[in-house]
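Novice: Below you'll find run-v7.txt; it's compact mmCIF, C-alpha atoms.
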```
# COMPACT_ATOMS: atom_id res chain seq x y z
CA MET U 1332 71.74 159.46 135.01
CA ILE U 1333 74.30 157.42 133.13
CA VAL U 1334 76.74 155.44 135.11
CA HIS U 1335 79.95 154.54 133.32
CA SER U 1336 81.56 151.75 135.20
CA LYS U 1337 85.25 151.48 134.89
CA LEU U 1338 86.71 148.29 136.17
CA ILE U 1339 90.06 149.96 136.07
CA ASN U 1340 89.02 151.81 139.22
CA LEU U 1341 89.03 148.48 141.04
CA VAL U 1342 92.72 147.95 140.46
CA PRO U 1343 93.88 149.61 143.70
CA VAL U 1344 91.18 147.69 145.58
CA ILE U 1345 92.44 144.41 144.16
CA ALA U 1346 96.02 145.44 144.79
CA LYS U 1347 95.29 146.02 148.45
CA SER U 1348 93.12 142.91 148.96
CA ASN U 1349 94.13 139.96 151.10
CA LEU U 1350 93.30 137.47 148.37
CA ARG U 1351 96.56 138.14 146.55
CA HIS U 1352 98.68 135.90 148.65
CA GLY U 1353 102.38 135.24 148.05
CA LEU U 1354 103.24 138.53 146.42
CA LYS U 1355 106.71 139.90 146.28
CA GLU U 1356 105.76 143.50 145.87
CA LYS U 1357 104.77 145.69 148.77
CA VAL U 1358 101.12 146.58 149.11
CA SER U 1359 100.29 149.81 150.84
CA LYS U 1360 97.77 149.20 153.59
CA GLY U 1361 96.84 150.66 156.93
CA LEU U 1362 99.31 153.29 158.14
CA ASN U 1363 101.13 153.22 154.81
CA SER U 1364 98.04 153.45 152.73
CA ASN U 1365 98.75 156.99 151.71
CA ILE U 1366 102.04 155.87 150.11
CA ASN U 1367 101.71 154.38 146.66
CA TYR U 1368 104.34 151.75 146.22
CA ASN U 1369 102.83 150.57 142.96
CA GLN U 1370 102.79 153.54 140.63
CA LEU U 1371 99.76 152.76 138.61
CA ARG U 1372 99.85 154.62 135.37
CA HIS U 1373 96.55 153.23 134.04
CA SER U 1374 98.29 152.28 130.78
CA HIS U 1375 97.31 148.61 130.39
CA ALA U 1376 96.36 145.60 132.49
CA ARG U 1377 97.98 143.05 130.23
CA THR U 1378 101.07 141.31 131.57
CA MET U 1379 103.41 138.77 130.03
CA PHE U 1380 102.29 135.19 130.55
CA ILE U 1381 105.37 133.13 131.33
CA ARG U 1382 105.37 129.63 129.92
CA PRO U 1383 107.95 127.06 128.69
CA GLY U 1384 109.38 127.43 125.19
CA LYS U 1385 107.99 125.78 122.09
CA PHE U 1386 111.07 125.89 119.86
CA TYR U 1387 112.44 122.41 120.42
CA THR U 1388 109.08 120.63 120.30
CA LYS U 1389 108.15 122.39 117.09
CA LYS U 1390 111.53 121.65 115.55
CA TYR U 1391 111.29 117.99 116.50
CA PHE U 1392 107.85 117.53 115.01
CA ASP U 1393 108.87 119.51 111.95
CA SER U 1394 111.86 117.28 111.20
CA LEU U 1395 109.78 114.18 111.94
CA HIS U 1396 107.13 115.31 109.49
CA PHE U 1397 109.80 116.12 106.92
CA HIS U 1398 111.42 112.70 107.03
CA PHE U 1399 108.11 110.91 107.13
CA CYS U 1400 106.83 112.73 104.06
CA LEU U 1401 110.09 112.31 102.17
CA ALA U 1402 110.78 108.63 102.82
CA GLY U 1403 108.26 107.07 105.18
CA LEU U 1404 105.07 107.82 103.30
CA PRO U 1405 106.24 106.81 99.81
CA PHE U 1406 107.66 103.53 101.05
CA PHE U 1407 104.58 102.89 103.16
CA LEU U 1408 102.31 103.52 100.17
CA PHE U 1409 104.44 101.34 97.93
CA ILE U 1410 104.44 98.47 100.41
CA ALA U 1411 100.70 98.88 101.03
CA TYR U 1412 100.03 98.73 97.30
CA GLN U 1413 102.14 95.58 97.00
CA ASN U 1414 100.30 93.91 99.86
CA PHE U 1415 96.82 94.89 98.68
CA PHE U 1416 97.02 94.31 94.97
CA VAL U 1417 99.87 91.88 94.44
CA GLY U 1418 100.25 89.90 97.63
CA PRO U 1419 102.70 87.20 98.63
CA ALA U 1420 103.24 84.05 96.62
CA ILE U 1421 101.77 80.66 97.46
CA LEU U 1422 103.92 77.61 98.03
CA ASN U 1423 103.64 74.96 95.34
CA ASP U 1424 105.42 71.75 94.55
CA ILE U 1425 107.82 71.98 91.68
CA PRO U 1426 106.08 70.52 88.64
CA GLU U 1427 107.93 67.99 86.54
CA ASP U 1428 109.80 69.09 83.42
CA TYR U 1429 109.97 72.61 84.78
CA GLU U 1430 112.91 74.28 86.42
CA PRO U 1431 111.83 77.38 88.32
CA ARG U 1432 113.68 80.60 87.60
CA TYR U 1433 115.97 81.91 90.31
CA TRP U 1434 113.52 84.60 91.50
CA GLU U 1435 110.65 82.20 91.88
CA TYR U 1436 112.13 80.84 95.07
CA HIS U 1437 111.10 83.93 97.04
CA LYS U 1438 107.72 84.65 98.61
CA ASN U 1439 107.68 88.43 98.97
CA PRO U 1440 107.01 90.30 95.69
CA ILE U 1441 109.52 93.02 96.51
CA LYS U 1442 112.21 90.41 97.20
CA ARG U 1443 111.30 88.70 93.95
CA PHE U 1444 111.75 91.95 92.07
CA MET U 1445 115.06 92.69 93.72
CA SER U 1446 116.44 89.20 93.17
CA ARG U 1447 115.31 89.34 89.55
CA TYR U 1448 116.65 92.74 88.59
CA ILE U 1449 119.10 93.95 91.21
CA PHE U 1450 121.00 91.07 92.73
CA GLU U 1451 123.05 88.53 90.87
CA ILE U 1452 121.98 85.06 89.91
CA PRO U 1453 122.90 82.66 92.75
CA GLU U 1454 123.64 79.77 90.43
CA ARG U 1455 126.03 81.91 88.44
CA ALA U 1456 127.77 83.14 91.61
CA TYR U 1457 128.04 79.57 92.86
CA GLU U 1458 129.67 78.31 89.68
CA ARG U 1459 132.01 81.28 89.62
CA ASN U 1460 133.07 80.54 93.19
CA LEU U 1461 133.73 76.92 92.23
CA HIS U 1462 135.91 78.17 89.38
CA PHE U 1463 137.95 80.32 91.73
CA ILE U 1464 138.37 77.41 94.13
CA TYR U 1465 139.60 75.21 91.25
CA VAL U 1466 142.07 77.83 90.02
CA GLU U 1467 143.46 78.38 93.50
CA GLY U 1468 143.79 74.64 93.95
CA CYS U 1469 145.77 74.37 90.72
CA LYS U 1470 148.06 77.19 91.85
CA GLN U 1471 148.51 75.49 95.21
CA LYS U 1472 149.54 72.26 93.54
CA MET U 1473 152.03 73.99 91.28
CA ARG U 1474 153.55 75.82 94.22
CA ASN U 1475 153.86 72.64 96.26
CA LEU U 1476 155.53 70.89 93.33
CA GLU U 1477 158.00 73.70 92.91
CA LYS U 1478 158.80 73.60 96.59
CA LYS U 1479 159.49 69.87 96.47
CA VAL U 1480 161.75 70.20 93.44
CA LYS U 1481 163.65 73.00 95.12
CA THR U 1482 164.29 71.01 98.28
CA MET U 1483 165.47 68.03 96.28
CA MET U 1484 167.83 70.19 94.29
CA LYS U 1485 169.11 71.61 97.54
CA GLU U 1486 169.71 68.16 98.99
CA ASN U 1487 171.25 66.52 95.96
CA GLN U 1488 172.99 69.49 94.42
CA ASP U 1489 172.93 67.75 91.06
CA TYR U 1490 171.20 70.37 88.94
CA LYS U 1491 172.45 73.54 87.40
CA ALA U 1492 169.30 75.47 88.57
CA TRP U 1493 168.36 76.43 92.15
CA TYR U 1494 171.30 76.77 94.52
CA TYR U 1495 173.76 76.89 91.62
CA VAL U 1496 176.17 79.77 91.91
CA PRO U 1497 178.52 79.97 88.92
CA VAL U 1498 182.02 80.64 90.23
CA PRO U 1499 185.13 81.34 88.13
CA LYS U 1500 187.79 78.65 88.28
CA GLU U 1501 190.41 81.03 89.67
CA THR U 1502 188.58 81.22 92.99
CA LEU U 1503 188.54 77.44 93.22
CA GLU U 1504 192.30 77.31 92.59
CA MET U 1505 192.86 79.93 95.22
CA LYS U 1506 190.71 77.93 97.61
CA LYS U 1507 192.78 74.81 96.91
CA GLU U 1508 196.03 76.65 97.60
CA TYR U 1509 194.64 78.04 100.83
CA HIS U 1510 193.54 74.60 101.97
CA GLN U 1511 196.94 73.18 101.16
CA LYS U 1512 198.58 75.93 103.15
CA TYR U 1513 196.30 76.28 106.16
CA GLY U 1514 194.04 73.20 106.14
CA SER U 1515 190.30 72.98 105.49
CA LEU U 1516 189.42 74.92 108.63
CA GLY U 1517 191.81 77.76 108.04
CA TYR U 1518 193.72 77.01 111.20
CA GLU U 1519 195.07 73.95 112.90
CA SER U 1520 192.66 72.50 115.42
CA LYS U 1521 195.38 71.16 117.69
CA TYR U 1522 196.05 74.72 118.84
CA THR U 1523 192.40 75.36 119.90
CA LYS U 1524 191.71 72.37 122.11
CA MET K 746 94.83 71.29 124.17
CA SER K 747 92.51 72.91 121.72
CA SER K 748 95.14 73.78 119.11
CA THR K 749 97.10 71.08 117.33
CA HIS K 750 99.85 71.56 114.81
CA ASP K 751 99.68 68.32 112.89
CA GLU K 752 98.92 70.02 109.59
CA HIS K 753 100.92 72.87 108.28
CA GLY K 754 99.06 76.17 108.48
CA SER K 755 95.83 74.92 110.05
CA VAL K 756 94.98 75.28 113.74
CA ASP K 757 91.97 73.53 115.26
CA LEU K 758 90.15 76.17 117.36
CA SER K 759 87.39 74.02 118.84
CA SER K 760 87.17 72.48 122.27
CA GLU K 761 84.64 71.15 124.75
CA ASN K 762 85.74 73.66 127.32
CA LYS K 763 83.30 76.58 127.67
CA PHE K 764 85.91 78.91 129.02
CA MET K 765 88.22 78.10 126.12
CA ASN K 766 85.41 78.65 123.63
CA ARG K 767 84.58 82.05 125.10
CA LEU K 768 88.19 83.10 124.93
CA ILE K 769 88.29 81.97 121.31
CA GLY K 770 85.13 84.01 120.67
CA LEU K 771 86.78 87.05 122.18
CA GLY K 772 89.67 86.59 119.78
CA LYS K 773 87.23 86.44 116.89
CA ILE K 774 86.05 89.97 117.66
CA PHE K 775 89.42 91.19 116.50
CA ASP K 776 89.48 88.67 113.70
CA GLY K 777 86.12 89.65 112.18
CA PRO K 778 86.82 93.05 110.65
CA ALA K 779 90.20 91.94 109.32
CA THR K 780 88.78 88.89 107.54
CA PHE K 781 85.85 90.93 106.20
CA PHE K 782 88.16 93.56 104.75
CA ARG K 783 90.42 90.93 103.29
CA GLU K 784 87.71 88.90 101.63
CA LYS K 785 85.89 91.85 100.15
CA PHE K 786 88.63 94.14 98.94
CA VAL K 787 91.94 92.41 98.97
CA GLU K 788 91.35 88.91 97.67
CA LYS K 789 89.50 90.17 94.59
CA ASN K 790 92.31 92.37 93.35
CA ARG K 791 95.02 89.77 93.74
CA LYS K 792 96.21 87.09 91.38
CA GLU K 793 97.70 83.90 92.71
CA TYR K 794 101.23 83.07 91.69
CA PRO K 795 103.52 80.34 92.98
CA TYR K 796 106.84 80.10 94.69
CA TYR K 797 108.89 76.99 95.26
CA HIS K 798 111.38 75.55 97.70
CA ARG K 799 114.85 74.91 96.38
CA ASN K 800 115.54 71.33 95.46
CA TYR K 801 119.23 70.67 95.97
CA PRO K 802 120.51 67.69 93.98
CA ARG K 803 122.70 65.16 95.74
CA VAL K 804 126.40 65.52 95.01
CA PRO K 805 129.19 63.04 95.83
CA THR K 806 130.02 62.93 99.51
CA ILE K 807 133.49 63.39 100.95
CA ASP K 808 134.32 59.69 100.85
CA GLU K 809 133.89 59.74 97.07
CA CYS K 810 136.10 62.79 96.54
CA ALA K 811 139.70 62.48 95.42
CA PHE K 812 142.49 63.96 97.48
CA GLY K 813 143.27 67.45 96.21
CA ASP K 814 139.85 67.94 94.60
CA HIS K 815 138.85 71.14 96.34
CA VAL K 816 135.70 71.70 94.28
CA CYS K 817 134.36 68.28 95.25
CA PHE K 818 135.20 69.02 98.87
CA PHE K 819 133.38 72.36 98.74
CA GLU K 820 130.20 70.85 97.38
CA ALA K 821 130.34 67.95 99.82
CA ASN K 822 130.81 70.40 102.67
CA GLU K 823 127.77 72.42 101.60
CA GLN K 824 125.73 69.24 101.48
CA PHE K 825 127.00 68.25 104.91
CA LEU K 826 125.95 71.58 106.43
CA ARG K 827 122.52 71.36 104.83
CA ASP K 828 122.06 67.84 106.16
CA ARG K 829 123.11 68.96 109.62
CA LYS K 830 120.50 71.72 109.58
CA VAL K 831 117.81 69.32 108.44
CA ASP K 832 118.69 66.81 111.14
CA LYS K 833 118.62 69.57 113.74
CA PHE K 834 115.09 70.53 112.65
CA ILE K 835 114.02 66.90 112.74
CA THR K 836 115.06 66.62 116.39
CA GLN K 837 113.19 69.83 117.18
CA ILE K 838 110.02 68.54 115.51
CA LEU K 839 110.17 65.33 117.52
CA ALA K 840 110.71 67.33 120.70
CA ARG K 841 107.69 69.47 119.86
CA ARG K 842 105.55 66.40 119.30
CA ALA K 843 106.48 64.85 122.63
CA HIS K 844 105.92 68.15 124.42
CA GLU K 845 102.45 68.57 122.92
CA CYS K 846 101.57 65.03 123.87
CA TYR K 847 102.53 65.77 127.47
CA ILE K 848 100.50 68.99 127.44
CA LYS K 849 97.48 67.11 126.16
CA HIS K 850 97.56 64.20 128.59
CA GLY K 851 99.28 65.70 131.57
CA PRO K 852 102.49 64.56 133.21
CA TYR K 853 101.05 61.41 134.78
CA ASP K 854 99.22 59.89 131.82
CA GLY K 855 101.82 61.25 129.46
CA PHE K 856 104.43 59.04 130.99
CA GLU K 857 102.69 56.01 129.50
CA LYS K 858 101.14 57.44 126.37
CA CYS K 859 103.99 59.61 125.17
CA ARG K 860 106.71 57.07 125.73
CA GLN K 861 107.09 56.18 122.07
CA LEU K 862 107.49 59.83 121.11
CA ASP K 863 109.99 60.30 123.92
CA GLU K 864 112.02 57.35 122.73
CA ASP K 865 112.00 58.58 119.14
CA HIS K 866 113.21 61.97 120.27
CA GLU K 867 115.94 60.50 122.41
CA LYS K 868 117.12 58.17 119.64
CA ALA K 869 117.26 61.07 117.21
CA LEU K 870 119.28 63.11 119.67
CA THR K 871 121.76 60.31 120.29
CA ASN K 872 122.21 59.72 116.58
CA TYR K 873 122.66 63.42 115.98
CA TYR K 874 125.29 63.52 118.70
CA ILE K 875 127.06 60.49 117.27
CA LYS K 876 127.30 62.12 113.86
CA TYR K 877 127.66 65.85 114.52
CA GLY K 878 128.27 66.24 118.24
CA ASP K 879 131.36 67.85 119.80
CA LEU K 880 132.70 69.01 116.43
CA GLY K 881 131.79 72.68 116.88
CA SER K 882 129.91 75.11 114.66
CA ASN K 883 132.83 75.51 112.22
CA ALA K 884 132.86 71.82 111.46
CA THR K 885 133.61 70.48 108.00
CA CYS K 886 132.66 67.22 106.41
CA ILE K 887 136.19 65.98 106.92
CA ASP K 888 135.83 66.37 110.70
CA ALA K 889 132.70 64.24 110.72
CA TYR K 890 134.32 61.69 108.41
CA MET K 891 137.34 61.35 110.66
CA LYS K 892 135.11 61.10 113.71
CA GLN K 893 133.26 58.23 112.08
CA LYS K 894 136.53 56.56 111.16
CA HIS K 895 137.85 56.75 114.72
CA ARG K 896 134.56 55.55 116.11
CA LEU K 897 134.55 52.48 113.84
CA ILE K 898 138.14 51.70 114.75
CA TRP K 899 137.29 51.99 118.44
CA GLN K 900 134.26 49.75 117.96
CA ARG K 901 136.42 47.23 116.17
CA ARG K 902 138.91 47.19 119.00
CA ASN K 903 136.29 47.13 121.79
CA PRO K 904 133.48 44.93 120.46
CA GLU K 905 131.78 44.24 123.77
CA LYS K 906 131.59 47.71 125.23
CA ASP K 907 128.51 49.83 124.66
CA ILE K 908 128.97 53.59 124.97
CA VAL K 909 125.49 54.65 123.84
CA GLY K 910 123.54 52.68 126.41
CA LEU K 911 120.07 52.72 124.87
CA GLU K 912 119.09 49.46 126.49
CA LYS K 913 120.26 50.62 129.86
CA GLN K 914 118.07 53.74 129.46
CA LYS K 915 115.11 51.47 128.66
CA GLU K 916 115.64 49.46 131.82
CA ILE K 917 115.88 52.60 133.92
CA ARG K 918 112.64 53.90 132.45
CA LYS K 919 110.90 50.60 133.14
CA GLU K 920 111.98 50.68 136.75
CA VAL K 921 110.72 54.23 137.17
CA ALA K 922 107.36 53.28 135.62
CA GLU K 923 106.96 50.32 137.96
CA TYR K 924 107.84 52.49 140.95
CA GLN K 925 105.22 55.03 139.91
CA LYS K 926 102.58 52.33 139.60
CA ARG K 927 103.41 50.93 143.02
CA ILE K 928 103.28 54.38 144.57
CA THR K 929 99.80 55.14 143.21
CA GLU K 930 98.33 51.79 144.12
CA ASP K 931 99.63 51.79 147.67
CA PRO K 932 101.51 54.93 148.64
CA ILE K 933 102.07 53.88 152.23
CA LYS K 934 103.48 50.44 151.42
CA ALA K 935 105.91 51.30 148.66
```
Please rewrite the model in this file as structure tokens.

Specialist:
Amino acid sequence: MIVHSKLINLVPVIAKSNLRHGLKEKVSKGLNSNINYNQLRHSHARTMFIRPGKFYTKKYFDSLHFHFCLAGLPFFLFIAYQNFFVGPAILNDIPEDYEPRYWEYHKNPIKRFMSRYIFEIPERAYERNLHFIYVEGCKQKMRNLEKKVKTMMKENQDYKAWYYVPVPKETLEMKKEYHQKYGSLGYESKYTK
Amino acid sequence: MSSTHDEHGSVDLSSENKFMNRLIGLGKIFDGPATFFREKFVEKNRKEYPYYHRNYPRVPTIDECAFGDHVCFFEANEQFLRDRKVDKFITQILARRAHECYIKHGPYDGFEKCRQLDEDHEKALTNYYIKYGDLGSNATCIDAYMKQKHRLIWQRRNPEKDIVGLEKQKEIRKEVAEYQKRITEDPIKA
């Protein structure tokens, strides 16, 4: 006699058992046992396993990996190579009759490279700044001198330059006539006091 | 203290204290693999090459500059700022020395043995204050020069007065030392 055991026949037993606590569906037991609330169609026993989503974590790690591989790893390898095979410089006293080049004042090899090939020479920049300071000082002096001359011309009124307004002689004659007629004020002051 | 910083770059990691020695040994567990790796693989592939510290030549100071010579003023100002930095570091080094002396001897013995270092530190601080103090961080060499001028004028007008008071500080310290001695010898009496 061959016995074929089908575990699927246990499904209604499990459905009705007391071990399944906290269910929301109705289980037919006792007086209602003839009613089947759960229509079992014997199609499958696989249900959806509900779990939190993986989209954001995967996206985060993906972008992290992308940026690391693009920029982090090459720079890390470059810096590791520099530290293993080249190494930092060692401090020495400046020997006589030798002036060190402008990049030899740095310890880190990458900084040495950058100061040698990328950035400008500090001595050159310094001298250029001094030049600009000198030029601006010269301009300042010239401007101050011009100001002084202008004020003196204004005070003394003895030069045909600043504060000189050429006026035709007819206006001066008219002015003289007016003064003769009406006085230097244009009216007589004894009537105002 | 087991570690001293008298030489640049070298730390003395030996002491009579067993506890200290065991702690140092525990540190060496981390140190071992790193030094092994370095000596075997790293030091062999490297070539030594030098770097130097900048040697700034002395330029004329502000009292040797003509009025209206802005270039001379700029260079004198740079020199002034460099000198101020150097003097600041000098005071810090003296402070570090006195502090280490106190750590080594303790606060009671240190009061006698570290007095010279204390005095050096205090003198350096007073001199720094006389030259650079109360001018602010945006000070120029002209500010310091004028400060010196006013100070000399004041000293000329008030020859007897002493604003620094180094001797008074010495007397105070002597009194405190004598009091301490009296207290230890006979705490109930004094």

Novice: Select, from K:Gly851, K:Gly881, K:Pro802, K:Gly813, the residue with the minimum atom-to-atom distance to chain U, counting only C-alpha atoms.

Specialist: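 Nearest to chain U: K:Gly813.
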
Novice: Select, as a VMD selection string, those residues of chain K with any atom no more than 8 Å from chain U (distances computed using only C-alpha atoms).

Specialist: chain K and resid 787 790 to 799 813 to 816 819

Novice: Hey, can you check how far CA of Ala1456 in chain U sits from CA of Tyr801 in chain K?

Specialist: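 Between these atoms lies a distance of 15.7 Å.
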
Novice: For Arg860 in chain K, please output as a PyMOL selection string all residues within 12 Å (counting only C-alpha atoms; exclusion window: fewer than 6 positions along the same chain).

Specialist: chain K and resi 842-844+846-847+850+852-854+866-867+915+918-919+922

Novice: CA of Ile774 in chain K to CA of Glu761 in chain K: how many Å, to one decimal?

Specialist: 20.2 Å

Novice: What separation in Å, quoted to one decimal, exists between CA of Phe1399 in chain U and CA of Ile1449 in chain U?

Specialist: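 Calculated distance between CA of Phe1399 in chain U and CA of Ile1449 in chain U is 25.7 Å.
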
Novice: For Phe825 in chain K, work out the shell of residues within 12 Å, counting only C-alpha atoms and skipping chain neighbours fewer than 2 positions away, then give it as a ChimeraX atom specification.

Specialist: /K:803-808,818-823,827-832,876-877,883-890

Novice: Taking all atoms listed in the file into account, name the residue in K:Glu912, K:Arg902, K:Glu923, K:Leu839 that is nearest to Asp865 in chain K.

Specialist: K:Leu839
